[in-house]
>>> print(open('run06.cif').read())   # mmCIF, C-alpha atoms
data_run
#
loop_
_atom_site.group_PDB
_atom_site.id
_atom_site.type_symbol
_atom_site.label_atom_id
_atom_site.label_comp_id
_atom_site.auth_asym_id
_atom_site.auth_seq_id
_atom_site.Cartn_x
_atom_site.Cartn_y
_atom_site.Cartn_z
ATOM 1 C CA MET A 1 -111.794 -101.002 53.392
ATOM 2 C CA HIS A 2 -109.606 -97.971 52.848
ATOM 3 C CA GLN A 3 -111.675 -94.786 53.182
ATOM 4 C CA PHE A 4 -110.432 -93.305 49.906
ATOM 5 C CA LEU A 5 -111.026 -96.372 47.724
ATOM 6 C CA LEU A 6 -114.074 -96.675 45.478
ATOM 7 C CA PHE A 7 -114.384 -99.882 43.455
ATOM 8 C CA SER A 8 -116.397 -100.161 40.268
ATOM 9 C CA ALA A 9 -119.081 -102.845 40.227
ATOM 10 C CA GLU A 10 -116.977 -104.999 37.893
ATOM 11 C CA VAL A 11 -113.879 -104.784 40.095
ATOM 12 C CA ALA A 12 -115.864 -105.276 43.311
ATOM 13 C CA ALA A 13 -117.405 -108.431 41.850
ATOM 14 C CA ALA A 14 -113.985 -109.682 40.800
ATOM 15 C CA ARG A 15 -112.624 -109.092 44.310
ATOM 16 C CA ALA A 16 -115.534 -110.995 45.828
ATOM 17 C CA ALA A 17 -115.043 -113.890 43.420
ATOM 18 C CA GLY A 18 -111.265 -114.005 43.834
ATOM 19 C CA LYS A 19 -110.623 -113.289 40.161
ATOM 20 C CA ALA A 20 -107.382 -111.908 38.767
ATOM 21 C CA ILE A 21 -107.382 -108.098 38.570
ATOM 22 C CA VAL A 22 -104.943 -105.979 36.568
ATOM 23 C CA ALA A 23 -104.392 -102.302 37.372
ATOM 24 C CA LEU A 24 -104.069 -99.700 34.616
ATOM 25 C CA GLU A 25 -102.842 -96.116 34.850
ATOM 26 C CA SER A 26 -104.814 -93.156 33.498
ATOM 27 C CA THR A 27 -102.235 -90.480 32.643
ATOM 28 C CA ILE A 28 -101.994 -91.928 29.142
ATOM 29 C CA ILE A 29 -105.699 -91.094 28.761
ATOM 30 C CA SER A 30 -105.574 -87.510 30.029
ATOM 31 C CA HIS A 31 -102.086 -86.413 28.989
ATOM 32 C CA GLY A 32 -100.637 -88.962 26.579
ATOM 33 C CA MET A 33 -102.971 -89.087 23.590
ATOM 34 C CA PRO A 34 -105.554 -86.868 21.856
ATOM 35 C CA TYR A 35 -109.310 -87.443 22.051
ATOM 36 C CA PRO A 36 -110.994 -89.686 20.924
ATOM 37 C CA GLN A 37 -108.018 -92.011 20.365
ATOM 38 C CA ASN A 38 -107.180 -91.899 24.070
ATOM 39 C CA VAL A 39 -110.552 -93.265 25.151
ATOM 40 C CA GLN A 40 -110.607 -95.826 22.334
ATOM 41 C CA MET A 41 -107.173 -97.035 23.417
ATOM 42 C CA ALA A 42 -108.269 -97.301 27.063
ATOM 43 C CA ARG A 43 -111.294 -99.400 26.115
ATOM 44 C CA GLU A 44 -109.233 -101.648 23.844
ATOM 45 C CA VAL A 45 -106.619 -102.286 26.541
ATOM 46 C CA GLU A 46 -109.332 -103.101 29.067
ATOM 47 C CA GLN A 47 -110.886 -105.550 26.610
ATOM 48 C CA ILE A 48 -107.530 -107.243 25.981
ATOM 49 C CA ILE A 49 -107.297 -107.908 29.718
ATOM 50 C CA ARG A 50 -110.846 -109.276 29.809
ATOM 51 C CA ASP A 51 -110.080 -111.506 26.827
ATOM 52 C CA GLY A 52 -107.121 -112.861 28.777
ATOM 53 C CA GLY A 53 -109.376 -113.930 31.644
ATOM 54 C CA ALA A 54 -108.678 -111.088 34.088
ATOM 55 C CA VAL A 55 -110.568 -107.958 35.106
ATOM 56 C CA PRO A 56 -109.169 -104.492 34.266
ATOM 57 C CA ALA A 57 -109.014 -101.803 36.939
ATOM 58 C CA THR A 58 -108.184 -98.440 35.417
ATOM 59 C CA ILE A 59 -107.357 -96.081 38.282
ATOM 60 C CA ALA A 60 -108.044 -92.339 38.579
ATOM 61 C CA ILE A 61 -108.862 -89.700 41.201
ATOM 62 C CA ILE A 62 -112.465 -88.516 40.921
ATOM 63 C CA GLY A 63 -114.600 -86.732 43.511
ATOM 64 C CA GLY A 64 -112.196 -87.188 46.401
ATOM 65 C CA LYS A 65 -111.905 -90.930 45.819
ATOM 66 C CA ILE A 66 -109.392 -93.304 44.300
ATOM 67 C CA CYS A 67 -111.601 -94.902 41.686
ATOM 68 C CA VAL A 68 -110.469 -98.462 41.015
ATOM 69 C CA GLY A 69 -112.173 -99.376 37.767
ATOM 70 C CA LEU A 70 -113.817 -96.688 35.649
ATOM 71 C CA SER A 71 -117.183 -96.461 33.918
ATOM 72 C CA ALA A 72 -117.539 -95.445 30.278
ATOM 73 C CA GLU A 73 -118.594 -91.981 31.445
ATOM 74 C CA GLN A 74 -115.533 -91.638 33.676
ATOM 75 C CA LEU A 75 -113.224 -92.654 30.824
ATOM 76 C CA GLU A 76 -114.843 -89.979 28.653
ATOM 77 C CA LEU A 77 -114.382 -87.430 31.430
ATOM 78 C CA LEU A 78 -110.678 -88.181 31.722
ATOM 79 C CA GLY A 79 -110.280 -88.170 27.961
ATOM 80 C CA THR A 80 -111.888 -84.772 27.452
ATOM 81 C CA ALA A 81 -111.323 -82.731 30.640
ATOM 82 C CA PRO A 82 -108.725 -79.977 30.060
ATOM 83 C CA ASP A 83 -107.949 -79.581 33.761
ATOM 84 C CA ALA A 84 -107.192 -83.144 34.852
ATOM 85 C CA LEU A 85 -104.141 -83.215 37.094
ATOM 86 C CA LYS A 86 -101.198 -85.520 36.466
ATOM 87 C CA VAL A 87 -100.994 -87.218 39.853
ATOM 88 C CA SER A 88 -97.842 -88.812 41.238
ATOM 89 C CA ARG A 89 -96.992 -89.730 44.864
ATOM 90 C CA ARG A 90 -96.456 -86.074 45.798
ATOM 91 C CA ASP A 91 -99.819 -85.043 44.366
ATOM 92 C CA LEU A 92 -102.145 -87.735 45.769
ATOM 93 C CA PRO A 93 -103.045 -85.943 49.035
ATOM 94 C CA TYR A 94 -103.754 -82.683 47.214
ATOM 95 C CA ALA A 95 -105.929 -84.251 44.517
ATOM 96 C CA LEU A 96 -107.970 -86.204 47.077
ATOM 97 C CA ALA A 97 -108.300 -83.469 49.693
ATOM 98 C CA GLN A 98 -109.218 -80.824 47.103
ATOM 99 C CA ASN A 99 -111.638 -83.063 45.162
ATOM 100 C CA LYS A 100 -109.636 -82.598 41.978
ATOM 101 C CA LEU A 101 -109.917 -84.697 38.850
ATOM 102 C CA GLY A 102 -106.651 -86.565 38.597
ATOM 103 C CA ALA A 103 -105.034 -89.105 36.311
ATOM 104 C CA THR A 104 -102.520 -91.399 37.976
ATOM 105 C CA THR A 105 -98.935 -91.868 36.831
ATOM 106 C CA VAL A 106 -97.056 -95.134 37.154
ATOM 107 C CA ALA A 107 -95.948 -94.208 40.684
ATOM 108 C CA ALA A 108 -99.411 -93.182 41.875
ATOM 109 C CA THR A 109 -101.063 -96.169 40.219
ATOM 110 C CA MET A 110 -98.674 -98.490 42.052
ATOM 111 C CA ILE A 111 -99.598 -96.871 45.368
ATOM 112 C CA CYS A 112 -103.321 -97.114 44.647
ATOM 113 C CA ALA A 113 -103.044 -100.675 43.379
ATOM 114 C CA GLU A 114 -101.275 -101.761 46.562
ATOM 115 C CA LEU A 115 -103.947 -100.049 48.683
ATOM 116 C CA ALA A 116 -106.573 -101.939 46.668
ATOM 117 C CA GLY A 117 -104.796 -105.273 47.025
ATOM 118 C CA ILE A 118 -103.931 -105.507 43.325
ATOM 119 C CA GLN A 119 -100.509 -107.050 42.704
ATOM 120 C CA VAL A 120 -100.149 -106.637 38.923
ATOM 121 C CA PHE A 121 -100.131 -103.393 36.964
ATOM 122 C CA VAL A 122 -99.768 -103.000 33.199
ATOM 123 C CA THR A 123 -98.541 -99.841 31.495
ATOM 124 C CA GLY A 124 -96.692 -98.661 28.394
ATOM 125 C CA GLY A 125 -93.275 -97.288 29.323
ATOM 126 C CA ILE A 126 -92.158 -96.448 32.835
ATOM 127 C CA GLY A 127 -90.239 -93.286 33.710
ATOM 128 C CA GLY A 128 -86.537 -93.325 34.440
ATOM 129 C CA VAL A 129 -83.328 -91.350 34.708
ATOM 130 C CA HIS A 130 -83.295 -88.463 32.268
ATOM 131 C CA ARG A 131 -80.275 -87.615 30.162
ATOM 132 C CA GLY A 132 -78.213 -85.031 31.989
ATOM 133 C CA ALA A 133 -79.571 -86.133 35.369
ATOM 134 C CA ALA A 134 -76.101 -85.796 36.890
ATOM 135 C CA THR A 135 -76.675 -82.041 36.953
ATOM 136 C CA SER A 136 -80.471 -81.722 36.707
ATOM 137 C CA PHE A 137 -81.360 -84.501 39.214
ATOM 138 C CA ASP A 138 -84.286 -85.301 36.887
ATOM 139 C CA ILE A 139 -85.224 -88.827 37.895
ATOM 140 C CA SER A 140 -88.779 -90.124 37.616
ATOM 141 C CA ALA A 141 -90.641 -90.865 40.838
ATOM 142 C CA ASP A 142 -91.614 -94.157 39.187
ATOM 143 C CA LEU A 143 -88.202 -95.604 40.048
ATOM 144 C CA GLN A 144 -88.396 -94.775 43.741
ATOM 145 C CA GLU A 145 -91.898 -96.223 43.837
ATOM 146 C CA LEU A 146 -90.632 -99.449 42.321
ATOM 147 C CA ALA A 147 -88.066 -99.584 45.116
ATOM 148 C CA GLN A 148 -90.685 -99.486 47.883
ATOM 149 C CA THR A 149 -94.123 -100.530 46.627
ATOM 150 C CA SER A 150 -94.796 -104.227 46.125
ATOM 151 C CA VAL A 151 -96.552 -104.297 42.768
ATOM 152 C CA ALA A 152 -95.357 -106.116 39.654
ATOM 153 C CA VAL A 153 -95.242 -103.716 36.697
ATOM 154 C CA VAL A 154 -95.587 -105.237 33.229
ATOM 155 C CA CYS A 155 -94.380 -102.714 30.665
ATOM 156 C CA ALA A 156 -92.513 -102.057 27.423
ATOM 157 C CA GLY A 157 -89.386 -100.937 29.218
ATOM 158 C CA VAL A 158 -88.611 -97.253 29.698
ATOM 159 C CA LYS A 159 -89.248 -94.380 27.335
ATOM 160 C CA SER A 160 -86.574 -94.293 24.653
ATOM 161 C CA ILE A 161 -85.663 -90.632 25.276
ATOM 162 C CA LEU A 162 -84.306 -91.510 28.736
ATOM 163 C CA ASP A 163 -80.860 -92.677 29.822
ATOM 164 C CA ILE A 164 -81.664 -96.366 29.819
ATOM 165 C CA GLY A 165 -78.310 -97.502 31.173
ATOM 166 C CA LEU A 166 -78.527 -95.216 34.201
ATOM 167 C CA THR A 167 -82.159 -96.198 34.726
ATOM 168 C CA LEU A 168 -81.189 -99.853 34.954
ATOM 169 C CA GLU A 169 -78.310 -98.949 37.295
ATOM 170 C CA TYR A 170 -80.754 -97.088 39.548
ATOM 171 C CA LEU A 171 -83.120 -100.064 39.644
ATOM 172 C CA GLU A 172 -80.225 -102.396 40.442
ATOM 173 C CA THR A 173 -79.021 -100.158 43.270
ATOM 174 C CA HIS A 174 -82.493 -100.203 44.810
ATOM 175 C CA GLY A 175 -82.916 -103.949 44.440
ATOM 176 C CA VAL A 176 -85.643 -103.869 41.781
ATOM 177 C CA PRO A 177 -85.364 -106.960 39.547
ATOM 178 C CA VAL A 178 -85.958 -106.532 35.827
ATOM 179 C CA LEU A 179 -87.371 -109.562 34.006
ATOM 180 C CA SER A 180 -87.641 -109.915 30.244
ATOM 181 C CA VAL A 181 -90.125 -112.124 28.431
ATOM 182 C CA GLY A 182 -89.368 -113.814 25.124
ATOM 183 C CA GLN A 183 -85.950 -112.181 24.748
ATOM 184 C CA ARG A 184 -82.956 -111.254 26.884
ATOM 185 C CA GLY A 185 -82.890 -107.648 25.709
ATOM 186 C CA PHE A 186 -84.551 -104.816 27.618
ATOM 187 C CA PRO A 187 -87.037 -102.913 25.407
ATOM 188 C CA ALA A 188 -87.246 -99.147 24.940
ATOM 189 C CA PHE A 189 -90.968 -98.395 24.840
ATOM 190 C CA PHE A 190 -91.630 -98.774 21.105
ATOM 191 C CA THR A 191 -88.554 -100.810 20.138
ATOM 192 C CA ARG A 192 -87.833 -104.375 21.196
ATOM 193 C CA GLU A 193 -84.136 -103.763 21.871
ATOM 194 C CA SER A 194 -82.484 -100.919 23.765
ATOM 195 C CA GLY A 195 -78.931 -102.221 23.638
ATOM 196 C CA PHE A 196 -79.189 -103.334 27.270
ATOM 197 C CA ASP A 197 -80.191 -106.658 28.774
ATOM 198 C CA ALA A 198 -82.696 -107.378 31.523
ATOM 199 C CA ASP A 199 -81.465 -109.036 34.707
ATOM 200 C CA PHE A 200 -83.258 -112.311 34.048
ATOM 201 C CA GLN A 201 -85.258 -113.830 31.203
ATOM 202 C CA ILE A 202 -88.287 -115.783 32.418
ATOM 203 C CA ASP A 203 -90.769 -116.722 29.708
ATOM 204 C CA ALA A 204 -93.324 -118.973 31.426
ATOM 205 C CA ALA A 205 -96.135 -117.238 33.316
ATOM 206 C CA ALA A 206 -96.048 -119.740 36.184
ATOM 207 C CA GLU A 207 -92.311 -119.175 36.629
ATOM 208 C CA GLN A 208 -92.791 -115.413 36.561
ATOM 209 C CA ALA A 209 -95.427 -115.706 39.271
ATOM 210 C CA ALA A 210 -93.146 -117.950 41.343
ATOM 211 C CA PHE A 211 -90.338 -115.375 41.097
ATOM 212 C CA ILE A 212 -92.604 -112.518 42.195
ATOM 213 C CA HIS A 213 -94.114 -114.444 45.100
ATOM 214 C CA THR A 214 -90.703 -115.671 46.224
ATOM 215 C CA LYS A 215 -89.393 -112.101 46.334
ATOM 216 C CA TRP A 216 -92.241 -110.914 48.533
ATOM 217 C CA GLN A 217 -92.275 -114.039 50.695
ATOM 218 C CA LEU A 218 -88.646 -113.299 51.521
ATOM 219 C CA GLY A 219 -89.744 -109.931 52.872
ATOM 220 C CA LEU A 220 -88.059 -108.077 49.999
ATOM 221 C CA LYS A 221 -90.415 -105.167 49.568
ATOM 222 C CA GLY A 222 -90.692 -103.282 46.310
ATOM 223 C CA GLY A 223 -91.797 -103.981 42.806
ATOM 224 C CA VAL A 224 -90.697 -106.122 39.898
ATOM 225 C CA VAL A 225 -90.356 -104.793 36.350
#
>>> encode(input="run06.cif", output="structure tokens")
Amino acid sequence: MHQFLLFSAEVAAARAAGKAIVALESTIISHGMPYPQNVQMAREVEQIIRDGGAVPATIAIIGGKICVGLSAEQLELLGTAPDALKVSRRDLPYALAQNKLGATTVAATMICAELAGIQVFVTGGIGGVHRGAATSFDISADLQELAQTSVAVVCAGVKSILDIGLTLEYLETHGVPVLSVGQRGFPAFFTRESGFDADFQIDAAAEQAAFIHTKWQLGLKGGVV
């Protein structure tokens, strides 16, 4: 067991029973929405996962531990604390070593999920290449994490304010496959179509799972969008 991991009772029971577990990020709770809508949203998303037959594992940094699965009290803490850190790969050692309260981004959640043995992570929109990145070098750490951390990320595409074409080029360069479900088009967070297509359309869950497992069985490290 990794020394920094702390599993909730629900997630620990799911691990023991071999049940499907789905990771969830927590930045949307602390930084993405106002209270109390943020906590209500977090609870609703967790319940959707339970209704689908899996166990949700919302991830956050609390008390020097990577908490995998949060209690109602911990969700309230994240939803109301004004000083919660936004934790990406760079920030994980600081938040843990300094016992800071931290909400995990897509990148950090992928790292924590892999440490916890969770292969599937669900989020809203991932980060990407910002407009003007040719001069600003503003590229989300999420993309580099997808290139090296073997977790499948189910999402609504990238945030619509980003340069979606360059984001997809970056993912292609780093060998990250992009699958669409129910359509060929790649979505843009809150719209179904971005004007760009995904690499492959695979609609059946069993076929999606076969694709993901085949990628990793070939030794091709990194995520799948």
>>> resolve_selection(input="run06.cif", expression="the PyMOL selection byres ((chain A and resi 50) around 12)", output="PyMOL selection string")
chain A and resi 10-11+14+19-22+43-49+51-57
>>> resolve_selection(input="run06.cif", expression="the PyMOL selection byres ((chain A and resi 80) around 10)", output="PyMOL selection string")
chain A and resi 29-30+34-36+38-39+74-79+81-84
>>> residues_around(input="run06.cif", residues="segment 58-66 of chain A", least_positions_apart="6", cutoff="8 Å", atoms="only C-alpha atoms", output="VMD selection string")
chain A and resid 4 to 6 23 to 26 46 95 to 104 109 112
>>> resolve_selection(input="run06.cif", expression="the PyMOL selection byres ((chain A and resi 133) around 12)", output="NGL selection string")
:A and (128-132 or 134-140 or 162-164 or 166-167 or 170)
>>> residues_near_point(input="run06.cif", point="(-87.9, -99.9, 21.6)", cutoff="10 Å", atoms="all atoms listed in the file", output="short mmCIF file (atom, residue, chain, number, x, y, z; two decimals) with C-alpha atoms, keeping the file's coordinate frame")
data_model
loop_
_atom_site.label_atom_id
_atom_site.label_comp_id
_atom_site.auth_asym_id
_atom_site.auth_seq_id
_atom_site.Cartn_x
_atom_site.Cartn_y
_atom_site.Cartn_z
CA GLY A 125 -93.28 -97.29 29.32
CA ALA A 156 -92.51 -102.06 27.42
CA GLY A 157 -89.39 -100.94 29.22
CA VAL A 158 -88.61 -97.25 29.70
CA LYS A 159 -89.25 -94.38 27.34
CA SER A 160 -86.57 -94.29 24.65
CA PHE A 186 -84.55 -104.82 27.62
CA PRO A 187 -87.04 -102.91 25.41
CA ALA A 188 -87.25 -99.15 24.94
CA PHE A 189 -90.97 -98.40 24.84
CA PHE A 190 -91.63 -98.77 21.10
CA THR A 191 -88.55 -100.81 20.14
CA ARG A 192 -87.83 -104.38 21.20
CA GLU A 193 -84.14 -103.76 21.87
CA SER A 194 -82.48 -100.92 23.76
CA GLY A 195 -78.93 -102.22 23.64
#
>>> closest_residue(input="run06.cif", among="A:Ala152, A:Leu220, A:Met33, A:Val178", to="Thr123 of chain A", atoms="only C-alpha atoms")
A:Ala152
>>> atom_distance(input="run06.cif", atom1="atom CA of Glu145 of chain A", atom2="atom CA of Tyr94 of chain A")
18.3 Å
>>> residues_around(input="run06.cif", residues="Val153 of chain A", least_positions_apart="2", cutoff="9 Å", atoms="all atoms listed in the file", output="ChimeraX atom specification")
/A:106,110,119-123,126,146,151,155,223-225
>>> closest_residue(input="run06.cif", among="A:Val181, A:Ser71, A:Ala198, A:Gln208", to="Glu169 of chain A", atoms="all atoms listed in the file")
A:Ala198
>>> atom_distance(input="run06.cif", atom1="atom CA of Phe211 of chain A", atom2="atom CA of Ala113 of chain A")
19.6 Å
>>> closest_residue(input="run06.cif", among="A:Thr105, A:Thr27, A:Ser88, A:Thr149", to="Lys221 of chain A", atoms="all atoms listed in the file")
A:Thr149
